[in-house]
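J.: The structure file structure-v7.tsv (TSV, C-alpha atoms) is provided below.
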```
chain	number	residue	atom	x	y	z
A	1	MET	CA	109.08	143.80	-4.70
A	2	ALA	CA	108.01	144.38	-8.30
A	3	THR	CA	110.26	143.72	-11.28
A	4	ILE	CA	109.53	145.29	-14.64
A	5	THR	CA	110.59	144.58	-18.19
A	6	TYR	CA	109.08	146.89	-20.78
A	7	LYS	CA	108.04	144.66	-23.68
A	8	CYS	CA	107.61	145.57	-27.32
A	9	PRO	CA	103.91	145.10	-28.25
A	10	ASN	CA	104.95	144.04	-31.76
A	11	CYS	CA	107.44	141.24	-31.05
A	12	ASP	CA	107.60	140.95	-27.24
A	13	GLY	CA	111.28	141.93	-27.19
A	14	GLY	CA	112.67	144.07	-24.38
A	15	LEU	CA	112.54	147.84	-24.87
A	16	THR	CA	115.44	150.14	-24.00
A	17	PHE	CA	115.72	153.92	-23.80
A	18	ASN	CA	117.39	155.44	-26.88
A	19	PRO	CA	119.44	158.58	-25.96
A	20	GLU	CA	119.78	159.66	-29.61
A	21	ASN	CA	116.02	159.95	-30.29
A	22	GLN	CA	114.92	160.27	-26.65
A	23	ASP	CA	112.40	157.47	-27.14
A	24	PHE	CA	112.17	153.72	-26.51
A	25	PHE	CA	113.59	151.22	-28.98
A	26	CYS	CA	113.18	147.50	-29.71
A	27	GLU	CA	116.45	146.09	-31.10
A	28	TYR	CA	114.63	143.02	-32.41
A	29	CYS	CA	111.95	144.50	-34.69
A	30	LEU	CA	113.41	148.07	-34.73
A	31	SER	CA	110.19	149.67	-33.45
A	32	HIS	CA	110.17	153.01	-31.62
A	33	PHE	CA	107.73	154.11	-28.89
A	34	THR	CA	107.08	157.36	-27.02
A	35	GLN	CA	106.93	157.75	-23.25
A	36	GLU	CA	103.14	158.06	-23.45
A	37	GLN	CA	102.88	154.73	-25.26
A	38	LEU	CA	105.21	153.14	-22.74
A	39	ASP	CA	103.10	154.31	-19.80
A	40	GLU	CA	100.14	152.39	-21.17
A	41	MET	CA	101.95	149.05	-21.32
A	42	ILE	CA	101.16	146.34	-18.82
A	43	LYS	CA	103.85	145.79	-16.18
A	44	ASP	CA	104.44	142.25	-14.85
A	45	LYS	CA	105.14	142.02	-11.14
A	46	GLN	CA	107.09	139.33	-9.30
A	47	SER	CA	108.34	138.94	-5.75
A	48	SER	CA	111.88	138.90	-4.43
A	49	GLU	CA	113.59	137.16	-1.56
A	50	LYS	CA	116.59	138.13	0.52
A	51	VAL	CA	119.60	135.88	1.01
A	52	LYS	CA	123.10	136.44	2.35
A	53	GLU	CA	126.48	135.53	0.95
A	54	THR	CA	130.09	136.06	1.94
A	55	LYS	CA	132.23	138.36	-0.18
A	56	VAL	CA	135.89	139.30	0.11
A	57	ASP	CA	136.75	143.00	0.20
A	58	GLU	CA	139.46	143.41	-2.47
A	59	ALA	CA	140.94	146.44	-0.72
A	60	THR	CA	141.39	144.84	2.74
A	61	GLY	CA	141.29	141.10	1.95
A	62	THR	CA	138.73	140.55	4.71
A	63	ALA	CA	135.56	138.48	4.27
A	64	LYS	CA	132.21	139.95	5.20
A	65	GLU	CA	128.58	138.87	4.98
A	66	VAL	CA	126.50	140.98	2.60
A	67	GLU	CA	122.83	140.88	1.74
A	68	ILE	CA	121.87	140.08	-1.84
A	69	LEU	CA	118.43	139.96	-3.45
A	70	LEU	CA	116.95	137.34	-5.75
A	71	TYR	CA	114.27	138.34	-8.28
A	72	LYS	CA	112.38	136.51	-10.96
A	73	CYS	CA	112.90	137.82	-14.48
A	74	PRO	CA	109.45	138.66	-15.90
A	75	SER	CA	110.61	137.57	-19.37
A	76	CYS	CA	112.12	134.13	-18.81
A	77	GLY	CA	111.59	133.35	-15.12
A	78	ALA	CA	115.32	133.07	-14.37
A	79	GLU	CA	116.75	134.39	-11.12
A	80	VAL	CA	118.18	137.90	-11.24
A	81	ILE	CA	120.75	138.49	-8.48
A	82	THR	CA	121.44	142.03	-7.23
A	83	ASP	CA	122.71	143.86	-4.19
A	84	ASN	CA	120.92	146.37	-1.97
A	85	THR	CA	121.56	149.45	-4.11
A	86	THR	CA	120.89	148.07	-7.61
A	87	VAL	CA	117.75	149.52	-9.19
A	88	SER	CA	118.05	148.55	-12.86
A	89	THR	CA	120.00	145.67	-14.40
A	90	PHE	CA	119.86	142.92	-17.07
A	91	CYS	CA	118.84	139.27	-16.96
A	92	HIS	CA	121.99	137.24	-17.63
A	93	TYR	CA	119.99	134.55	-19.42
A	94	CYS	CA	117.59	136.34	-21.78
A	95	HIS	CA	119.51	139.68	-21.64
A	96	ASN	CA	116.30	141.68	-21.25
A	97	PRO	CA	116.48	144.82	-19.10
A	98	VAL	CA	114.94	144.42	-15.64
A	99	ILE	CA	113.85	147.31	-13.40
A	100	LEU	CA	113.38	146.68	-9.67
A	101	GLU	CA	110.49	149.09	-9.20
A	102	GLY	CA	109.96	148.59	-5.46
A	103	LYS	CA	113.36	150.06	-4.62
A	104	LEU	CA	112.28	153.47	-5.92
A	105	GLN	CA	109.28	153.94	-3.66
A	106	GLY	CA	108.72	156.09	-0.58
A	107	GLU	CA	111.80	157.91	0.69
A	108	PHE	CA	113.89	156.37	-2.10
A	109	SER	CA	111.73	157.77	-4.88
A	110	PRO	CA	113.91	160.22	-6.91
A	111	ASP	CA	112.73	163.82	-7.23
A	112	GLY	CA	114.03	163.87	-10.79
A	113	PHE	CA	116.63	162.61	-13.23
A	114	ILE	CA	118.53	163.60	-16.37
A	115	PRO	CA	118.19	161.09	-19.23
A	116	PHE	CA	121.21	159.93	-21.21
A	117	LYS	CA	121.94	162.25	-24.13
A	118	LYS	CA	125.20	160.72	-25.33
A	119	THR	CA	124.87	157.37	-27.10
A	120	LYS	CA	127.30	154.51	-26.63
A	121	ASP	CA	128.83	155.11	-30.08
A	122	GLU	CA	129.28	158.83	-29.36
A	123	ILE	CA	130.98	158.06	-26.05
A	124	LYS	CA	133.36	155.59	-27.72
A	125	GLN	CA	134.34	158.24	-30.26
A	126	GLU	CA	134.81	160.98	-27.68
A	127	PHE	CA	136.76	158.66	-25.41
A	128	LEU	CA	139.12	157.72	-28.25
A	129	GLN	CA	139.58	161.40	-29.10
A	130	TRP	CA	140.44	162.08	-25.46
A	131	THR	CA	143.01	159.28	-25.30
A	132	SER	CA	144.51	160.16	-28.69
A	133	LYS	CA	145.78	163.42	-27.18
A	134	LYS	CA	147.81	161.51	-24.57
A	135	TRP	CA	151.32	160.60	-25.66
A	136	PHE	CA	152.39	157.85	-23.30
A	137	ILE	CA	149.46	155.41	-23.08
A	138	PRO	CA	149.93	151.79	-24.31
A	139	ASN	CA	149.00	151.05	-27.93
A	140	ALA	CA	146.74	148.24	-26.70
A	141	PHE	CA	144.55	150.85	-25.07
A	142	PHE	CA	143.15	151.72	-28.50
A	143	ASN	CA	141.86	148.17	-28.95
A	144	LYS	CA	138.13	148.45	-29.69
A	145	LYS	CA	137.48	145.34	-27.62
A	146	ASN	CA	138.43	147.33	-24.54
A	147	ILE	CA	136.16	150.19	-25.54
A	148	GLU	CA	133.26	147.72	-25.74
A	149	LYS	CA	133.46	147.41	-21.95
A	150	LEU	CA	131.19	150.41	-21.59
A	151	SER	CA	128.08	150.52	-19.39
A	152	GLY	CA	125.53	153.26	-18.92
A	153	VAL	CA	124.69	153.76	-15.25
A	154	TYR	CA	122.31	156.11	-13.48
A	155	TYR	CA	124.07	157.18	-10.28
A	156	PRO	CA	122.34	158.77	-7.28
A	157	TYR	CA	123.16	162.29	-6.13
A	158	TRP	CA	121.88	164.81	-3.63
A	159	ILE	CA	121.45	168.35	-5.00
A	160	THR	CA	121.11	171.28	-2.59
A	161	ASP	CA	119.94	174.87	-3.12
A	162	TYR	CA	120.65	177.62	-0.57
A	163	LYS	CA	119.54	181.14	0.16
A	164	VAL	CA	121.71	182.77	2.86
A	165	ASP	CA	122.56	186.12	4.41
A	166	ALA	CA	126.35	186.52	4.27
A	167	ASN	CA	128.41	188.90	6.46
A	168	ALA	CA	132.14	189.48	6.00
A	169	TYR	CA	134.76	191.61	7.79
A	170	ILE	CA	137.69	192.25	5.49
A	171	ASP	CA	141.23	193.61	5.77
A	172	ALA	CA	142.18	195.40	2.54
A	173	GLN	CA	145.20	197.26	1.24
A	174	LYS	CA	146.04	199.75	-1.49
A	175	ILE	CA	149.66	199.73	-2.59
A	176	ARG	CA	151.38	202.56	-4.49
A	177	VAL	CA	154.95	202.23	-5.80
A	178	TRP	CA	157.01	205.02	-7.40
A	179	ARG	CA	160.63	205.97	-8.02
A	180	THR	CA	162.50	209.22	-7.45
A	181	GLY	CA	165.97	209.06	-8.90
A	182	LYS	CA	167.50	205.79	-7.77
A	183	THR	CA	165.16	205.43	-4.82
A	184	GLU	CA	161.99	203.30	-4.93
A	185	TYR	CA	159.15	204.15	-2.55
A	186	THR	CA	156.21	201.97	-1.48
A	187	GLU	CA	153.12	203.35	0.19
A	188	LYS	CA	150.59	201.02	1.78
A	189	SER	CA	147.15	202.18	2.90
A	190	TYR	CA	145.11	199.87	5.17
A	191	TYR	CA	141.31	199.64	5.23
A	192	LYS	CA	138.65	197.86	7.23
A	193	VAL	CA	135.82	196.77	4.93
A	194	GLN	CA	132.49	195.11	5.66
A	195	ARG	CA	130.21	193.40	3.15
A	196	LYS	CA	126.73	192.08	3.81
A	197	GLY	CA	124.30	190.62	1.35
A	198	GLU	CA	121.95	187.84	0.31
A	199	VAL	CA	123.54	184.97	-1.64
A	200	GLU	CA	121.63	182.33	-3.59
A	201	LEU	CA	123.42	179.14	-4.60
A	202	ARG	CA	121.85	176.37	-6.67
A	203	ASP	CA	122.73	172.81	-7.59
A	204	ILE	CA	125.47	171.98	-5.07
A	205	THR	CA	125.87	168.29	-5.92
A	206	ASN	CA	127.13	165.43	-3.75
A	207	ASN	CA	127.51	161.76	-4.54
A	208	ALA	CA	124.96	159.57	-2.68
A	209	LEU	CA	126.62	156.16	-3.17
A	210	LYS	CA	129.47	154.71	-1.13
A	211	SER	CA	131.07	152.54	-3.81
A	212	ALA	CA	134.46	153.51	-5.24
A	213	ASP	CA	133.30	153.89	-8.85
A	214	ALA	CA	130.60	156.32	-7.72
A	215	LYS	CA	133.34	158.57	-6.33
A	216	LEU	CA	134.88	158.55	-9.80
A	217	ALA	CA	131.48	159.42	-11.27
A	218	GLU	CA	131.41	162.52	-9.07
A	219	ALA	CA	134.48	163.77	-10.94
A	220	VAL	CA	132.47	164.22	-14.17
A	221	LEU	CA	130.32	166.93	-12.58
A	222	PRO	CA	128.75	169.36	-13.37
A	223	TYR	CA	125.57	168.68	-15.33
A	224	ASP	CA	123.15	171.09	-16.96
A	225	TYR	CA	120.29	170.82	-14.48
A	226	ALA	CA	117.90	172.58	-16.83
A	227	ASP	CA	117.45	169.10	-18.36
A	228	ILE	CA	116.09	167.53	-15.16
A	229	LYS	CA	112.80	165.70	-15.75
A	230	ASP	CA	110.20	164.21	-13.42
A	231	PHE	CA	111.30	160.67	-12.65
A	232	ASN	CA	109.92	157.81	-14.74
A	233	THR	CA	111.17	154.21	-14.44
A	234	GLY	CA	110.87	153.66	-18.21
A	235	TYR	CA	114.03	155.70	-18.84
A	236	LEU	CA	116.05	153.20	-16.80
A	237	SER	CA	115.28	150.40	-19.25
A	238	GLY	CA	118.46	149.31	-21.01
A	239	PHE	CA	120.76	150.91	-18.42
A	240	LEU	CA	122.10	150.01	-15.02
A	241	ALA	CA	120.93	152.12	-12.09
A	242	GLU	CA	121.92	152.46	-8.45
A	243	ASN	CA	119.92	153.64	-5.46
A	244	ARG	CA	121.41	155.84	-2.77
A	245	ASP	CA	122.94	154.45	0.41
A	246	ILE	CA	124.01	157.85	1.80
A	247	ASP	CA	121.28	159.97	3.38
A	248	LYS	CA	121.23	163.75	3.24
A	249	GLU	CA	121.91	164.09	6.98
A	250	SER	CA	125.33	162.52	6.41
A	251	LEU	CA	126.09	165.11	3.73
A	252	THR	CA	124.69	168.22	5.42
A	253	GLU	CA	127.99	169.41	6.91
A	254	ARG	CA	129.88	168.86	3.64
A	255	SER	CA	127.20	170.61	1.58
A	256	GLN	CA	127.13	173.59	3.92
A	257	ASP	CA	130.93	173.84	3.86
A	258	ILE	CA	130.82	173.99	0.05
A	259	MET	CA	128.08	176.62	0.27
A	260	LYS	CA	130.15	178.74	2.67
A	261	ASP	CA	133.24	178.54	0.44
A	262	TYR	CA	131.26	179.66	-2.62
A	263	SER	CA	129.56	182.44	-0.66
A	264	LYS	CA	132.93	183.68	0.60
A	265	GLN	CA	134.30	183.75	-2.97
A	266	ILE	CA	131.27	185.75	-4.15
A	267	ILE	CA	131.61	188.29	-1.32
A	268	LYS	CA	135.36	188.62	-1.86
A	269	ALA	CA	134.89	189.17	-5.61
A	270	ASP	CA	132.56	192.07	-4.79
A	271	VAL	CA	135.32	193.95	-2.94
A	272	LYS	CA	136.94	195.97	-5.72
A	273	GLY	CA	139.50	198.77	-5.91
A	274	TYR	CA	142.05	197.21	-3.54
A	275	ASP	CA	145.36	195.48	-4.23
A	276	VAL	CA	145.10	193.03	-1.30
A	277	VAL	CA	141.85	191.60	0.08
A	278	ASN	CA	141.80	189.20	3.06
A	279	ILE	CA	138.59	188.07	4.75
A	280	ARG	CA	139.14	188.18	8.52
A	281	ASN	CA	135.72	186.97	9.71
A	282	PHE	CA	132.90	185.42	7.71
A	283	ASP	CA	129.57	183.94	8.65
A	284	VAL	CA	126.31	182.99	6.97
A	285	ASP	CA	122.73	182.73	8.19
A	286	ILE	CA	120.83	180.05	6.23
A	287	LYS	CA	117.37	181.31	5.23
A	288	GLU	CA	116.39	178.48	2.86
A	289	GLU	CA	117.84	175.01	2.29
A	290	LYS	CA	116.28	172.71	-0.31
A	291	TRP	CA	117.40	169.13	-1.04
A	292	ARG	CA	116.61	167.02	-4.11
A	293	TYR	CA	117.43	163.38	-4.75
A	294	VAL	CA	118.24	162.76	-8.44
A	295	LEU	CA	119.68	160.12	-10.77
A	296	LEU	CA	122.31	161.35	-13.24
A	297	PRO	CA	123.66	159.52	-16.33
A	298	VAL	CA	127.24	158.23	-16.34
A	299	TRP	CA	129.02	155.96	-18.82
A	300	MET	CA	131.51	153.70	-16.97
A	301	LEU	CA	134.48	152.05	-18.73
A	302	THR	CA	137.10	149.64	-17.42
A	303	TYR	CA	140.50	148.79	-18.92
A	304	LYS	CA	142.85	145.98	-17.86
A	305	ASN	CA	146.51	146.13	-18.87
A	306	SER	CA	148.92	143.23	-19.43
A	307	LYS	CA	149.69	143.10	-15.69
A	308	ASP	CA	145.97	142.75	-14.88
A	309	ASP	CA	145.87	146.24	-13.36
A	310	ILE	CA	142.36	147.63	-13.73
A	311	TYR	CA	141.71	151.27	-14.65
A	312	TYR	CA	138.29	152.88	-14.27
A	313	TYR	CA	136.86	155.78	-16.29
A	314	ALA	CA	133.68	157.80	-16.01
A	315	VAL	CA	132.08	159.79	-18.82
A	316	ASN	CA	129.30	162.31	-18.26
A	317	GLY	CA	126.26	160.87	-20.07
A	318	GLN	CA	124.96	164.36	-20.84
A	319	THR	CA	128.08	166.38	-21.74
A	320	GLY	CA	130.70	163.74	-22.61
A	321	GLU	CA	133.20	164.97	-19.97
A	322	VAL	CA	135.79	162.22	-19.31
A	323	CYS	CA	137.57	161.49	-16.04
A	324	GLY	CA	140.01	158.74	-15.08
A	325	LYS	CA	143.65	157.80	-14.64
A	326	LEU	CA	145.38	156.67	-17.83
A	327	PRO	CA	148.03	153.90	-17.83
A	328	ILE	CA	151.58	154.84	-18.83
A	329	ASP	CA	153.68	152.90	-21.34
A	330	ASN	CA	157.14	152.91	-19.75
A	331	LYS	CA	158.76	151.96	-23.07
A	332	LYS	CA	157.36	155.08	-24.75
A	333	LEU	CA	158.49	157.16	-21.80
A	334	ALA	CA	161.99	155.66	-21.89
A	335	PHE	CA	162.17	156.26	-25.66
A	336	LEU	CA	161.30	159.93	-25.13
A	337	PHE	CA	163.99	160.42	-22.48
A	338	ALA	CA	166.51	158.57	-24.64
A	339	GLY	CA	165.67	160.91	-27.53
A	340	LEU	CA	166.01	163.96	-25.29
A	341	PHE	CA	169.35	162.71	-23.97
A	342	VAL	CA	170.71	162.12	-27.49
A	343	GLY	CA	169.49	165.54	-28.61
A	344	PHE	CA	171.02	167.25	-25.58
A	345	SER	CA	174.31	165.39	-26.04
A	346	LEU	CA	174.43	166.36	-29.74
A	347	LEU	CA	173.82	170.02	-28.91
A	348	THR	CA	176.54	169.92	-26.26
A	349	PHE	CA	178.98	168.33	-28.74
A	350	LEU	CA	178.21	170.91	-31.44
A	351	GLY	CA	178.53	173.69	-28.91
A	352	GLY	CA	181.95	172.37	-27.96
A	353	LEU	CA	183.05	172.37	-31.58
A	354	LEU	CA	181.99	175.98	-32.00
A	355	LEU	CA	184.12	176.97	-29.04
A	356	LEU	CA	187.27	175.36	-30.54
```
Would it be possible to restate this file's structure as structure tokens?
T.:
Amino acid sequence: MATITYKCPNCDGGLTFNPENQDFFCEYCLSHFTQEQLDEMIKDKQSSEKVKETKVDEATGTAKEVEILLYKCPSCGAEVITDNTTVSTFCHYCHNPVILEGKLQGEFSPDGFIPFKKTKDEIKQEFLQWTSKKWFIPNAFFNKKNIEKLSGVYYPYWITDYKVDANAYIDAQKIRVWRTGKTEYTEKSYYKVQRKGEVELRDITNNALKSADAKLAEAVLPYDYADIKDFNTGYLSGFLAENRDIDKESLTERSQDIMKDYSKQIIKADVKGYDVVNIRNFDVDIKEEKWRYVLLPVWMLTYKNSKDDIYYYAVNGQTGEVCGKLPIDNKKLAFLFAGLFVGFSLLTFLGGLLLL
């Protein structure tokens, strides 16, 4: 399997994709290159071998044998160790970005991707702004050393478009209320309504990776899919990337359920002029179903508190949307309740004095 490191033609340093300028940057000699220039560069190819090791599942405590892959870094010749889904990584010795090109061939070749638009510095700033609005997080959370633990990752997703014929049978009501003297009257009129129509739904997105952090990355959806580009391995340089380990057949039922729910909402919203609308029967006939396999940009951040509890955060690499569970500082929380208790007690005391 081929490994690639895009080298700077000026100083031979590793090139990485620069989200700010949407080009490729050498951090050693500060040179910039376009995608066209990158396509002309010579790619070194090396082989890989498969080995197995035993890992302990942190959630269950059980040991299991997993397959890992060993590659040769094209820059320094050191071994690069990855798992089955890793597509892009870094050499731990020379720190050059390494792309495992062979994993993106055939059925695993992405139909498209969205490049990173938010830089690491922008994400740090937006993340700090997000946390600054939260009252009860530990002060240590604002330590910049923790914010440095930020990695850009391309995660795999399946995107589905549908065109369906929808048919709904609906129970509806009109309610009229009026008063005559001291008596209130309610009149209810019942209707049977049918709605039929063609519904088109685009960009229903499902995570295509089984790992736990990928499920968190799904929470930063949606993306603006107008930015999808034809896939090019050069954009992975300088970022981590994962390949899918969930096929579309495993997601078909879930995707169609989401499609049916959206279609039902659209049909229901079209029934106007009634006070109560309940869909009794609903069905769809799928006319077109189109699947695309794409890589989407996510910034991943981890934070460890004083008790060694680890918190994970995902930030949309295109929009900056943040998702994750924040730690709570119990001392701050206790101080708040103590303040509320004192304030309430003082008000009660003053109220008692006024009644004397």
J.: Counting all atoms listed in the file, write as a list in words all protein and nucleic acid residues lying at most 8 Å from (127.7, 166.5, -9.7) in the file's frame.
T.: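 Here the neighbourhood of the point contains Tyr157, Ile204, Thr205, Asn206, Asn207, Glu218, Ala219, Val220, Leu221, Pro222 and Tyr223 of chain A.
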J.: Keeping C-alpha atoms for every residue in the selection just given, could you write it to a file as a JSON list (two decimals), keeping the file's coordinate frame?
T.:
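Saved result, result28.json, follows:
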```json
[["chain", "number", "residue", "atom", "x", "y", "z"],
["A", 157, "TYR", "CA", 123.16, 162.29, -6.13],
["A", 204, "ILE", "CA", 125.47, 171.98, -5.07],
["A", 205, "THR", "CA", 125.87, 168.29, -5.92],
["A", 206, "ASN", "CA", 127.13, 165.43, -3.75],
["A", 207, "ASN", "CA", 127.51, 161.76, -4.54],
["A", 218, "GLU", "CA", 131.41, 162.52, -9.07],
["A", 219, "ALA", "CA", 134.48, 163.77, -10.94],
["A", 220, "VAL", "CA", 132.47, 164.22, -14.17],
["A", 221, "LEU", "CA", 130.32, 166.93, -12.58],
["A", 222, "PRO", "CA", 128.75, 169.36, -13.37],
["A", 223, "TYR", "CA", 125.57, 168.68, -15.33]]
```
J.: Between A:Gly317, A:Phe127, A:Arg195, A:Gln173, which has the minimum distance to Pro19 in chain A (counting all atoms listed in the file)?
T.: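 Ranked by minimum distance to Pro19 in chain A, first place goes to A:Gly317.
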J.: CA of Asp227 in chain A and CA of Ile114 in chain A are how many Å apart?
T.: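 We find that CA of Asp227 in chain A and CA of Ile114 in chain A lie 5.9 Å from each other.
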J.: Write out as an mmCIF file with C-alpha atoms, in the coordinates of the input which residues come within 7 Å of range 290-306 of chain A when counting only C-alpha atoms, dropping same-chain ones fewer than 3 positions away.
T.:
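Saved file part_21.cif follows:
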```cif
data_model
loop_
_atom_site.group_PDB
_atom_site.id
_atom_site.type_symbol
_atom_site.label_atom_id
_atom_site.label_comp_id
_atom_site.auth_asym_id
_atom_site.auth_seq_id
_atom_site.Cartn_x
_atom_site.Cartn_y
_atom_site.Cartn_z
ATOM 1 C CA PRO A 110 113.910 160.220 -6.910
ATOM 2 C CA ASP A 111 112.730 163.820 -7.230
ATOM 3 C CA GLY A 112 114.030 163.870 -10.790
ATOM 4 C CA PHE A 113 116.630 162.610 -13.230
ATOM 5 C CA ILE A 114 118.530 163.600 -16.370
ATOM 6 C CA PRO A 115 118.190 161.090 -19.230
ATOM 7 C CA PHE A 116 121.210 159.930 -21.210
ATOM 8 C CA ASN A 146 138.430 147.330 -24.540
ATOM 9 C CA LYS A 149 133.460 147.410 -21.950
ATOM 10 C CA LEU A 150 131.190 150.410 -21.590
ATOM 11 C CA SER A 151 128.080 150.520 -19.390
ATOM 12 C CA GLY A 152 125.530 153.260 -18.920
ATOM 13 C CA VAL A 153 124.690 153.760 -15.250
ATOM 14 C CA TYR A 154 122.310 156.110 -13.480
ATOM 15 C CA TYR A 155 124.070 157.180 -10.280
ATOM 16 C CA PRO A 156 122.340 158.770 -7.280
ATOM 17 C CA TYR A 157 123.160 162.290 -6.130
ATOM 18 C CA TRP A 158 121.880 164.810 -3.630
ATOM 19 C CA ILE A 159 121.450 168.350 -5.000
ATOM 20 C CA THR A 160 121.110 171.280 -2.590
ATOM 21 C CA ASP A 161 119.940 174.870 -3.120
ATOM 22 C CA TYR A 162 120.650 177.620 -0.570
ATOM 23 C CA ALA A 217 131.480 159.420 -11.270
ATOM 24 C CA ASP A 309 145.870 146.240 -13.360
ATOM 25 C CA ILE A 310 142.360 147.630 -13.730
ATOM 26 C CA TYR A 311 141.710 151.270 -14.650
ATOM 27 C CA TYR A 312 138.290 152.880 -14.270
ATOM 28 C CA TYR A 313 136.860 155.780 -16.290
ATOM 29 C CA ALA A 314 133.680 157.800 -16.010
ATOM 30 C CA VAL A 315 132.080 159.790 -18.820
ATOM 31 C CA ASN A 316 129.300 162.310 -18.260
ATOM 32 C CA GLY A 317 126.260 160.870 -20.070
ATOM 33 C CA GLN A 318 124.960 164.360 -20.840
#
```
J.: Looking at only C-alpha atoms, which of A:Asp203, A:Asp261, A:Gln105, A:Thr252 is the one that sits closest to Ile228 in chain A?
T.: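 Of A:Asp203, A:Asp261, A:Gln105, A:Thr252, the one nearest Ile228 in chain A, counting only C-alpha atoms, is A:Asp203.
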J.: Rounded to one decimal in Å, what is the spacing between CA of Leu209 in chain A and CA of Asp245 in chain A?
T.: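 We find that CA of Leu209 in chain A and CA of Asp245 in chain A lie 5.4 Å from each other.
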J.: Under the rule that all atoms listed in the file are counted, which of A:Lys260, A:Arg202, A:Lys196, A:Lys174 is the nearest residue to Val276 in chain A?
T.: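 With all atoms listed in the file as the atom set, the closest residue is A:Lys174.
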